[in-house]
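Participant: The following file, work_28.txt, comprises compact mmCIF, C-alpha atoms and all ligand atoms:
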# COMPACT_ATOMS: atom_id res chain seq x y z
CA MET A 383 -16.13 84.33 -68.29
CA ARG A 384 -15.59 82.54 -71.61
CA LEU A 385 -15.73 79.24 -69.76
CA GLU A 386 -19.05 80.27 -68.14
CA GLN A 387 -20.52 81.23 -71.52
CA ALA A 388 -19.39 77.87 -72.94
CA LYS A 389 -21.07 76.09 -70.03
CA ARG A 390 -24.29 78.04 -70.54
CA ASP A 391 -24.27 77.18 -74.26
CA TYR A 392 -23.57 73.56 -73.40
CA TYR A 393 -26.61 73.28 -71.09
CA ARG A 394 -28.81 75.21 -73.51
CA ARG A 395 -27.87 72.81 -76.33
CA LYS A 396 -28.28 69.79 -74.07
CA ALA A 397 -31.77 70.99 -73.03
CA ARG A 398 -32.75 71.34 -76.71
CA GLU A 399 -31.34 67.92 -77.60
CA GLU A 400 -33.00 66.15 -74.66
CA GLY A 401 -36.30 67.97 -75.16
CA TYR A 402 -36.39 70.07 -71.96
CA ARG A 403 -37.89 73.53 -72.09
CA SER A 404 -35.27 75.16 -69.89
CA ARG A 405 -31.67 74.55 -68.98
CA ALA A 406 -32.85 74.85 -65.35
CA ALA A 407 -33.95 71.21 -65.77
CA PHE A 408 -30.33 70.14 -65.30
CA LYS A 409 -30.05 71.94 -61.97
CA LEU A 410 -32.81 69.76 -60.54
CA LYS A 411 -31.42 66.63 -62.21
CA GLN A 412 -28.02 67.30 -60.64
CA ILE A 413 -29.52 68.01 -57.21
CA ASN A 414 -31.73 64.93 -57.32
CA SER A 415 -28.99 62.60 -58.45
CA LYS A 416 -27.00 63.64 -55.39
CA TYR A 417 -29.79 63.77 -52.78
CA HIS A 418 -32.52 61.42 -54.15
CA LEU A 419 -35.30 63.69 -52.92
CA ILE A 420 -37.83 62.76 -55.60
CA SER A 421 -38.70 59.13 -56.36
CA LEU A 422 -41.24 57.00 -58.19
CA GLY A 423 -44.80 57.57 -56.96
CA HIS A 424 -44.00 60.79 -55.08
CA THR A 425 -46.13 63.92 -54.81
CA VAL A 426 -44.15 67.04 -55.69
CA VAL A 427 -45.18 70.69 -55.36
CA ASP A 428 -43.16 73.10 -57.52
CA MET A 429 -43.61 76.79 -56.66
CA GLY A 430 -42.41 79.14 -59.38
CA SER A 431 -42.47 76.58 -62.16
CA ALA A 432 -42.50 78.48 -65.49
CA PRO A 433 -41.44 77.64 -68.14
CA GLY A 434 -41.54 74.11 -66.72
CA GLY A 435 -38.11 72.45 -66.81
CA TRP A 436 -38.40 71.27 -63.20
CA LEU A 437 -41.94 70.04 -63.88
CA GLU A 438 -40.65 67.92 -66.77
CA VAL A 439 -37.86 66.40 -64.67
CA SER A 440 -40.17 65.74 -61.68
CA SER A 441 -42.86 64.26 -63.93
CA GLU A 442 -40.36 61.75 -65.39
CA ILE A 443 -39.11 60.72 -61.96
CA VAL A 444 -42.47 60.31 -60.16
CA GLY A 445 -44.01 58.37 -63.08
CA SER A 446 -47.69 57.68 -63.67
CA LYS A 447 -48.45 56.85 -60.01
CA GLY A 448 -46.99 60.11 -58.80
CA ILE A 449 -48.26 63.65 -59.15
CA VAL A 450 -46.59 67.00 -59.68
CA ILE A 451 -48.31 70.30 -58.96
CA GLY A 452 -46.82 73.40 -60.53
CA ILE A 453 -47.70 76.96 -59.53
CA ASP A 454 -46.62 80.14 -61.25
CA LEU A 455 -47.78 83.71 -61.79
CA ILE A 456 -47.52 83.19 -65.52
CA PRO A 457 -49.04 80.47 -67.71
CA VAL A 458 -47.12 77.23 -68.19
CA ARG A 459 -47.73 75.00 -71.22
CA PRO A 460 -49.11 71.57 -70.27
CA VAL A 461 -46.37 69.06 -69.43
CA ALA A 462 -47.78 65.55 -68.94
CA PRO A 463 -50.90 63.82 -67.54
CA ASN A 464 -49.30 63.54 -64.09
CA VAL A 465 -48.66 67.31 -63.88
CA LYS A 466 -51.31 69.78 -62.68
CA ILE A 467 -50.55 73.42 -63.28
CA ILE A 468 -52.18 76.39 -61.62
CA GLN A 469 -51.61 80.03 -62.39
CA TYR A 470 -51.51 81.67 -59.00
CA ASP A 471 -49.57 84.06 -56.79
CA ILE A 472 -48.10 82.08 -53.89
CA THR A 473 -48.11 85.22 -51.74
CA SER A 474 -51.86 85.73 -52.09
CA GLU A 475 -54.06 85.15 -49.07
CA GLU A 476 -56.20 82.57 -50.85
CA PHE A 477 -53.27 80.50 -52.08
CA PRO A 478 -53.16 78.00 -49.15
CA SER A 479 -56.83 77.07 -49.59
CA LYS A 480 -56.43 76.88 -53.38
CA LEU A 481 -53.51 74.51 -52.97
CA LYS A 482 -55.45 72.43 -50.44
CA GLU A 483 -58.28 72.11 -52.97
CA ILE A 484 -55.84 70.56 -55.43
CA ILE A 485 -53.60 68.53 -53.20
CA GLY A 486 -56.45 67.31 -50.95
CA GLU A 487 -55.52 65.43 -47.82
CA ARG A 488 -52.25 64.11 -49.17
CA LYS A 489 -49.16 66.16 -48.54
CA ALA A 490 -46.09 66.46 -50.75
CA ASP A 491 -42.96 64.33 -50.40
CA CYS A 492 -40.96 67.20 -51.81
CA VAL A 493 -41.50 70.95 -52.20
CA LEU A 494 -39.48 72.73 -54.86
CA ALA A 495 -39.12 76.51 -54.98
CA ASP A 496 -37.04 78.01 -57.80
CA LEU A 497 -38.73 81.38 -57.33
CA SER A 498 -37.42 84.63 -58.78
CA PRO A 499 -39.26 87.94 -58.49
CA LYS A 500 -39.51 90.17 -61.53
CA LEU A 501 -36.02 91.66 -61.51
CA SER A 502 -35.73 95.44 -61.24
CA GLY A 503 -31.96 95.48 -61.60
CA VAL A 504 -31.65 97.08 -58.14
CA TRP A 505 -29.88 94.29 -56.33
CA ASP A 506 -30.96 95.11 -52.74
CA LEU A 507 -34.59 95.27 -53.75
CA ASP A 508 -34.51 92.10 -55.87
CA GLN A 509 -32.69 90.18 -53.17
CA PHE A 510 -35.17 91.41 -50.53
CA LYS A 511 -38.15 90.32 -52.64
CA GLN A 512 -36.63 86.92 -53.36
CA MET A 513 -36.00 86.42 -49.64
CA GLU A 514 -39.64 87.28 -48.90
CA LEU A 515 -40.77 84.61 -51.39
CA CYS A 516 -38.55 82.06 -49.63
CA HIS A 517 -40.05 82.95 -46.23
CA ARG A 518 -43.52 82.56 -47.73
CA VAL A 519 -42.63 79.04 -48.88
CA ILE A 520 -41.34 78.18 -45.41
CA ASP A 521 -44.57 79.51 -43.84
CA LEU A 522 -46.55 77.19 -46.13
CA LEU A 523 -44.55 74.04 -45.42
CA PRO A 524 -46.58 72.65 -42.47
CA GLU A 525 -49.69 72.62 -44.66
CA VAL A 526 -48.00 71.27 -47.77
CA LEU A 527 -45.08 69.01 -46.86
CA LYS A 528 -45.33 65.69 -45.05
CA ALA A 529 -43.18 64.97 -42.02
CA GLY A 530 -39.91 63.46 -43.23
CA GLY A 531 -40.25 65.23 -46.61
CA SER A 532 -37.72 67.48 -48.29
CA CYS A 533 -37.45 70.92 -49.83
CA VAL A 534 -35.22 72.50 -52.47
CA MET A 535 -35.19 76.28 -52.39
CA LYS A 536 -33.36 78.80 -54.54
CA VAL A 537 -31.94 81.68 -52.52
CA PHE A 538 -30.33 84.89 -53.72
CA GLN A 539 -27.38 85.17 -51.37
CA GLY A 540 -27.20 88.35 -49.35
CA LYS A 541 -28.69 90.24 -46.47
CA ASP A 542 -30.90 88.34 -44.00
CA MET A 543 -29.92 84.96 -45.41
CA GLU A 544 -29.03 83.81 -41.91
CA SER A 545 -32.61 84.14 -40.64
CA LEU A 546 -33.81 82.02 -43.55
CA ARG A 547 -31.12 79.44 -42.97
CA ASN A 548 -31.99 79.28 -39.26
CA ARG A 549 -35.66 78.66 -39.96
CA LEU A 550 -34.78 75.81 -42.32
CA ARG A 551 -32.18 74.40 -39.97
CA THR A 552 -34.65 74.12 -37.11
CA ALA A 553 -37.44 72.72 -39.30
CA PHE A 554 -35.37 69.96 -40.97
CA SER A 555 -32.97 67.34 -39.70
CA ARG A 556 -30.36 68.17 -42.37
CA LEU A 557 -29.61 71.31 -44.36
CA ASP A 558 -27.09 71.49 -47.21
CA VAL A 559 -26.23 74.30 -49.55
CA SER A 560 -25.63 73.37 -53.17
CA LYS A 561 -24.52 75.15 -56.32
CA PRO A 562 -25.24 72.71 -59.16
CA ASP A 563 -22.86 72.77 -62.14
CA ALA A 564 -25.76 73.95 -64.34
CA SER A 565 -26.08 77.12 -62.22
CA ARG A 566 -23.93 80.03 -63.43
CA LYS A 567 -20.88 80.46 -61.21
CA GLU A 568 -21.16 84.26 -61.28
CA SER A 569 -24.84 84.27 -60.29
CA SER A 570 -25.61 84.83 -56.64
CA GLU A 571 -28.13 81.99 -56.53
CA ILE A 572 -27.59 78.98 -54.36
CA TYR A 573 -29.90 76.11 -53.51
CA MET A 574 -30.81 75.14 -49.98
CA ILE A 575 -31.42 71.41 -49.77
CA ALA A 576 -33.45 70.58 -46.68
CA LEU A 577 -34.12 66.96 -45.69
CA GLY A 578 -36.21 65.32 -42.98
CA PHE A 579 -39.01 67.81 -42.30
CA SER A 580 -40.13 67.90 -38.67
CA GLY A 581 -43.67 68.98 -39.59
CA GLN A 582 -43.27 72.40 -37.98
CA VAL A 583 -41.55 75.67 -38.75
CA ALA A 584 -40.47 78.44 -36.41
CA ARG A 585 -42.25 81.77 -36.82
CA ARG A 586 -40.09 84.56 -38.16
CA SER A 587 -38.66 86.26 -35.10
CA SER A 588 -40.22 89.66 -34.48
CA GLN A 589 -36.74 91.16 -34.61
CA ASP A 590 -36.05 89.69 -38.06
CA ALA A 591 -39.42 90.82 -39.34
CA GLN A 592 -38.89 94.30 -37.91
CA GLU A 593 -35.42 94.63 -39.45
CA GLU A 594 -36.77 93.43 -42.77
CA ARG A 595 -39.63 95.95 -42.61
CA GLN A 596 -37.08 98.65 -41.91
CA SER A 597 -34.95 97.65 -44.90
CA GLU A 598 -38.11 97.66 -47.03
CA GLN A 599 -38.90 101.19 -45.81
CA LEU A 600 -35.38 102.29 -46.71
CA LEU A 601 -36.09 101.46 -50.33
CA ASP A 602 -38.33 103.96 -52.08
CA SER A 603 -40.69 102.90 -54.86
CA SER A 604 -37.93 103.16 -57.48
CA GLY A 605 -35.79 100.87 -55.38
CA PHE A 606 -33.26 103.48 -54.31
CA VAL A 607 -32.01 103.48 -50.76
CA GLN A 608 -33.25 106.46 -48.75
CA PRO A 609 -30.51 108.39 -46.93
C1 LIG B 1 -36.42 80.91 -62.54
S1 LIG B 1 -38.12 80.76 -62.89
C2 LIG B 1 -38.42 79.06 -62.56
C3 LIG B 1 -37.80 78.11 -63.58
C4 LIG B 1 -38.31 76.70 -63.43
N1 LIG B 1 -37.78 76.06 -62.24
C5 LIG B 1 -37.98 75.85 -64.63
O1 LIG B 1 -37.37 74.80 -64.46
O2 LIG B 1 -38.38 76.17 -65.75
C6 LIG B 1 -38.88 81.59 -61.52
C7 LIG B 1 -40.37 81.69 -61.57
O3 LIG B 1 -40.88 82.18 -60.32
C8 LIG B 1 -42.15 82.75 -60.62
N2 LIG B 1 -42.68 83.54 -59.51
C9 LIG B 1 -42.17 84.68 -58.98
N3 LIG B 1 -42.96 85.16 -58.00
C10 LIG B 1 -44.02 84.31 -57.89
C11 LIG B 1 -45.19 84.29 -57.06
N4 LIG B 1 -45.42 85.24 -56.15
N5 LIG B 1 -46.07 83.28 -57.22
C12 LIG B 1 -45.84 82.31 -58.16
N6 LIG B 1 -44.75 82.29 -58.98
C13 LIG B 1 -43.84 83.27 -58.85
C14 LIG B 1 -41.85 83.58 -61.87
O4 LIG B 1 -43.03 83.92 -62.56
C15 LIG B 1 -40.88 82.67 -62.64
O5 LIG B 1 -41.55 81.98 -63.66
Represent the supplied structure as structure tokens.

Facilitator:
Amino acid sequence: MRLEQAKRDYYRRKAREEGYRSRAAFKLKQINSKYHLISLGHTVVDMGSAPGGWLEVSSEIVGSKGIVIGIDLIPVRPVAPNVKIIQYDITSEEFPSKLKEIIGERKADCVLADLSPKLSGVWDLDQFKQMELCHRVIDLLPEVLKAGGSCVMKVFQGKDMESLRNRLRTAFSRLDVSKPDASRKESSEIYMIALGFSGQVARRSSQDAQEERQSEQLLDSSGFVQP
């Protein structure tokens, strides 16, 4: 535990010293130095981007000929001329057309999703909501990501993770799971690294969707499991 705290302090200090607004920046740096998903001139879409650490890292890597589009429910301070930020809910019905307006005909080389719902403290509910956000990102991929492109997605490990993993596995030629050093060991988050997008994603199977609806119904509005 003390070691984990020391690591957290280390990355916090490092973020301050290197001018990043969140220590999350180092998670993306570590992932990208291993997988080389983002390069000079790339188009990157970052869903769930506040406060903007991943936007800063992506902006540096893509340079002035590249573009980074950040989306979050909450406002994000401007980052750089090559970063466009929109305040939007990615689950809203209008989001795909809003994104299309901004991205135009070009599709992204890389889609990032470091999404976290507002945490209630009730693990089953928070994990369920985070999983729903991940499925939403997967649903959007054919419209947003170019064939051959890649995706980095944070996942709260737990129930129904297999259905998410299966959808990614069939949509990409390679799927790795990564836990960057900058991510807290005790946290349940992992990162799915998906490379070589086929251009298509499988629909959620009706059985998965039904089971997930049932688990949603089991949770009442305060997040407690119904007997
Ligand atoms: C862990 S933070 C992202 C940190 C970011 N990668 C960074 O480097 O600073 C997760 C973000 O997901 C956003 N989020 C959650 N649900 C969302 C939704 N439906 N639409 C857009 N953003 C969402 C939250 O507002 C939060 O800012």

Participant: Within 7 Å of range 518-535 of chain A, counting only C-alpha atoms, which residues qualify if same-chain residues fewer than 5 places away don't, as a VMD selection string?

Facilitator: chain A and resid 419 473 489 to 496 573 to 583

Participant: State, in Å with one decimal place, the distance from CA of Glu483 in chain A to CA of Lys466 in chain A.

Facilitator: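 The value is 12.2 Å.
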
Participant: Emit as JSON the padded axis-aligned box for all listed atoms of range 497-510 of chain A, 6 Å per side, with centre and edge lengths in Å to one decimal.

Facilitator:
{"center_x": -34.7, "center_y": 89.2, "center_z": -56.1, "size_x": 21.6, "size_y": 27.7, "size_z": 23.1}

Participant: With 10 Å as the cut-off and all atoms listed in the file counted, what is the closest atom pair between each nearby residue of chain A and ligand LIG 1 (chain B)? Distances in Å to one decimal, ordered by chain and number, as JSON lines.

Facilitator:
{"residue": "A:Tyr402", "atom": "CA", "partner": "B:LIG1", "partner_atom": "O1", "distance": 8.9}
{"residue": "A:Arg403", "atom": "CA", "partner": "B:LIG1", "partner_atom": "O2", "distance": 6.9}
{"residue": "A:Ser404", "atom": "CA", "partner": "B:LIG1", "partner_atom": "O2", "distance": 5.3}
{"residue": "A:Arg405", "atom": "CA", "partner": "B:LIG1", "partner_atom": "O1", "distance": 7.3}
{"residue": "A:Ala406", "atom": "CA", "partner": "B:LIG1", "partner_atom": "O1", "distance": 4.6}
{"residue": "A:Ala407", "atom": "CA", "partner": "B:LIG1", "partner_atom": "O1", "distance": 5.1}
{"residue": "A:Phe408", "atom": "CA", "partner": "B:LIG1", "partner_atom": "O1", "distance": 8.5}
{"residue": "A:Lys409", "atom": "CA", "partner": "B:LIG1", "partner_atom": "O1", "distance": 8.2}
{"residue": "A:Leu410", "atom": "CA", "partner": "B:LIG1", "partner_atom": "O1", "distance": 7.8}
{"residue": "A:Asp428", "atom": "CA", "partner": "B:LIG1", "partner_atom": "N1", "distance": 7.7}
{"residue": "A:Met429", "atom": "CA", "partner": "B:LIG1", "partner_atom": "N6", "distance": 6.1}
{"residue": "A:Gly430", "atom": "CA", "partner": "B:LIG1", "partner_atom": "O3", "distance": 3.5}
{"residue": "A:Ser431", "atom": "CA", "partner": "B:LIG1", "partner_atom": "C4", "distance": 4.4}
{"residue": "A:Ala432", "atom": "CA", "partner": "B:LIG1", "partner_atom": "O5", "distance": 4.1}
{"residue": "A:Pro433", "atom": "CA", "partner": "B:LIG1", "partner_atom": "O2", "distance": 4.2}
{"residue": "A:Gly434", "atom": "CA", "partner": "B:LIG1", "partner_atom": "O2", "distance": 3.9}
{"residue": "A:Gly435", "atom": "CA", "partner": "B:LIG1", "partner_atom": "O1", "distance": 3.4}
{"residue": "A:Trp436", "atom": "CA", "partner": "B:LIG1", "partner_atom": "O1", "distance": 3.9}
{"residue": "A:Leu437", "atom": "CA", "partner": "B:LIG1", "partner_atom": "O1", "distance": 6.6}
{"residue": "A:Glu438", "atom": "CA", "partner": "B:LIG1", "partner_atom": "O1", "distance": 8.0}
{"residue": "A:Val439", "atom": "CA", "partner": "B:LIG1", "partner_atom": "O1", "distance": 8.4}
{"residue": "A:Ser440", "atom": "CA", "partner": "B:LIG1", "partner_atom": "O1", "distance": 9.9}
{"residue": "A:Gly452", "atom": "CA", "partner": "B:LIG1", "partner_atom": "N6", "distance": 9.3}
{"residue": "A:Ile453", "atom": "CA", "partner": "B:LIG1", "partner_atom": "C12", "distance": 5.8}
{"residue": "A:Asp454", "atom": "CA", "partner": "B:LIG1", "partner_atom": "N6", "distance": 3.6}
{"residue": "A:Leu455", "atom": "CA", "partner": "B:LIG1", "partner_atom": "C12", "distance": 4.3}
{"residue": "A:Ile456", "atom": "CA", "partner": "B:LIG1", "partner_atom": "O4", "distance": 5.4}
{"residue": "A:Pro457", "atom": "CA", "partner": "B:LIG1", "partner_atom": "O4", "distance": 8.6}
{"residue": "A:Val458", "atom": "CA", "partner": "B:LIG1", "partner_atom": "O5", "distance": 8.6}
{"residue": "A:Ile468", "atom": "CA", "partner": "B:LIG1", "partner_atom": "C12", "distance": 9.3}
{"residue": "A:Gln469", "atom": "CA", "partner": "B:LIG1", "partner_atom": "C12", "distance": 7.5}
{"residue": "A:Tyr470", "atom": "CA", "partner": "B:LIG1", "partner_atom": "C12", "distance": 5.8}
{"residue": "A:Asp471", "atom": "CA", "partner": "B:LIG1", "partner_atom": "N5", "distance": 3.6}
{"residue": "A:Ile472", "atom": "CA", "partner": "B:LIG1", "partner_atom": "N5", "distance": 4.1}
{"residue": "A:Thr473", "atom": "CA", "partner": "B:LIG1", "partner_atom": "N4", "distance": 5.2}
{"residue": "A:Ser474", "atom": "CA", "partner": "B:LIG1", "partner_atom": "N4", "distance": 7.6}
{"residue": "A:Phe477", "atom": "CA", "partner": "B:LIG1", "partner_atom": "N5", "distance": 9.3}
{"residue": "A:Leu494", "atom": "CA", "partner": "B:LIG1", "partner_atom": "N1", "distance": 8.3}
{"residue": "A:Ala495", "atom": "CA", "partner": "B:LIG1", "partner_atom": "N1", "distance": 7.4}
{"residue": "A:Asp496", "atom": "CA", "partner": "B:LIG1", "partner_atom": "N1", "distance": 4.9}
{"residue": "A:Leu497", "atom": "CA", "partner": "B:LIG1", "partner_atom": "O3", "distance": 3.8}
{"residue": "A:Ser498", "atom": "CA", "partner": "B:LIG1", "partner_atom": "C6", "distance": 4.3}
{"residue": "A:Pro499", "atom": "CA", "partner": "B:LIG1", "partner_atom": "C9", "distance": 4.4}
{"residue": "A:Lys500", "atom": "CA", "partner": "B:LIG1", "partner_atom": "C9", "distance": 6.6}
{"residue": "A:Leu501", "atom": "CA", "partner": "B:LIG1", "partner_atom": "C9", "distance": 9.6}
{"residue": "A:Lys511", "atom": "CA", "partner": "B:LIG1", "partner_atom": "N3", "distance": 8.9}
{"residue": "A:Gln512", "atom": "CA", "partner": "B:LIG1", "partner_atom": "N3", "distance": 8.0}
{"residue": "A:Glu514", "atom": "CA", "partner": "B:LIG1", "partner_atom": "N4", "distance": 9.5}
{"residue": "A:Leu515", "atom": "CA", "partner": "B:LIG1", "partner_atom": "N4", "distance": 6.7}
{"residue": "A:Cys516", "atom": "CA", "partner": "B:LIG1", "partner_atom": "N3", "distance": 10.0}
{"residue": "A:Arg518", "atom": "CA", "partner": "B:LIG1", "partner_atom": "N4", "distance": 9.0}
{"residue": "A:Val519", "atom": "CA", "partner": "B:LIG1", "partner_atom": "N4", "distance": 10.0}
{"residue": "A:Lys536", "atom": "CA", "partner": "B:LIG1", "partner_atom": "C1", "distance": 8.8}

Participant: Check the smallest atom-to-atom distance from each of A:Lys447, A:Lys541, A:Arg549, A:Lys411 to Ser570 in chain A using only C-alpha atoms, then report the winner.

Facilitator: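 When distances to Ser570 in chain A are compared using only C-alpha atoms, the smallest one comes from A:Lys541.
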
Participant: Mind giving me the straight-line distance from CA of Met513 in chain A to CA of Lys389 in chain A in Å, one decimal?

Facilitator: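 Here the two named atoms are 27.3 Å from each other.
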
Participant: If I take CA of Val504 in chain A and CA of Ile572 in chain A, how far is one from the other in Å, to one decimal?

Facilitator: 18.9 Å

Participant: Within 10 Å of Glu568 in chain A, counting all atoms listed in the file, which residues qualify if same-chain residues fewer than 2 places away don't, as a ChimeraX atom specification?

Facilitator: /A:383,386,565-566,570-571

Participant: Need to verify the contact set: Val444 in chain A, 9 Å, only C-alpha atoms, exclusion of same-chain residues closer than 2 positions in sequence. Can you return it as JSON, numbers by chain?

Facilitator: {"A": [420, 421, 422, 423, 424, 425, 426, 439, 440, 441, 442, 446, 447, 448, 449, 450, 464]}
